[in-house]
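This report refers to the structure that appears directly beneath it.
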Amino acid sequence: MMLNQHAAGMIRNFPGGVGAGNFTNHLLYYDLDGYFGDVIQPVHNIYLLIASEQGWLALLGFLIVLGLAWHSLVGSLCKRTTGICENASEKKANGMDINRDDGKPVGFPIWSGMTKKRVTFNHELVLLLCLQSFVLIGFFDHYLWTLQPGQLMLMICLGLALSFGQTVEKTDQGKKVFPNITKGKK
């Protein structure tokens with residue numbers, strides 16, 4: 001709790017942040033009682049840590065990226081599970097049984113698209129659960145922001161989540177293209 005109070009003090013005094021990785025250096029100026037002694041750690045909340053080190057704008061940017069990743073996953077998951085598809089090839093690409101009239105996926109929530117010959121794993125749901133877990137863990141620990149394994153986990157999850165926002169279409173030649181990039185080209 002003391003670290004949270006010191007982080008809030010840093011945010012008030014330095015709205016632009018104290019600099020990347022400088023939380024523990026500036027903590028010495030706020031710890032006048034010598035409470036922490038030799039053991040100095042960053043605040044155990046990545047949102048307070050980002051705001052105190054990089055400032056309000058960096059925190060806003062990070063929250064926007066989290067929101068975009070969440071929106072991308074939820075949109076892709078809703079499209080897959082509700083059957084809002086334009087044609088049979090899109091239903092098949094989303095792992096749905098194209099012989100059903102209602103367009104609903106066959107199977108369990110994590111294993112969607114159970115047809116006669118194949119089972120498609122629901123990547124969106126697993127990534128959404130990982131992303132929501134990381135958002136929750138971020139309130140209680142700093143390792144997702146300060147330690148390399150945590151940074152790798154968070155950034156891989158965010159990168160995969162944001163990739164579901166891109167729609168991939170197949171051309172007549174069978175090559176996958178991004179339609180918003182190649183429009184108008186033949």
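Residue numbers start at 1 in each chain; chains themselves are named A, B, ... in the order of the structure tokens; ligands are numbered from 1 in the order shown.
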
Exercise for the section: Using only C-alpha atoms, determine which residues lie at most 8 Å from stretch 150-164 of chain A, disregarding the query and same-chain residues fewer than 5 positions distant; provide the list as number ranges by chain. Expected result: A: 66, 68-70, 72-73, 76, 124, 127-128, 130-131, 134, 143-145

Handout entry: Separation of atom CA of A:Thr146 from atom CA of A:Val74, in Å and rounded to one decimal
Key =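 Distance reported for this atom pair: 27.8 Å.
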
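Atom CA of A:Gly19 to atom CA of A:Gln54 spans 5.7 Å [interatomic distance, one decimal].
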
Exercise for the section: Tell me, in Å to one decimal, how far atom CA of A:Gln132 is from atom CA of A:Gly16. Expected result: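 Going from atom CA of A:Gln132 over to atom CA of A:Gly16 covers 27.5 Å.
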
Exercise for the section: Could you check which of A:Met1, A:Leu49, A:Leu59, A:Val39 is closest to A:His142, using only C-alpha atoms? Expected result: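 Checking each candidate against A:His142, we get A:Leu49 as the closest.
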
Practice task
Would you please work out which residue, of A:Ala7, A:Leu57, A:Val126, A:Leu28, is nearest to A:Asn45 when using only C-alpha atoms?
Solution key: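 With only C-alpha atoms as the atom set, the closest residue is A:Ala7.
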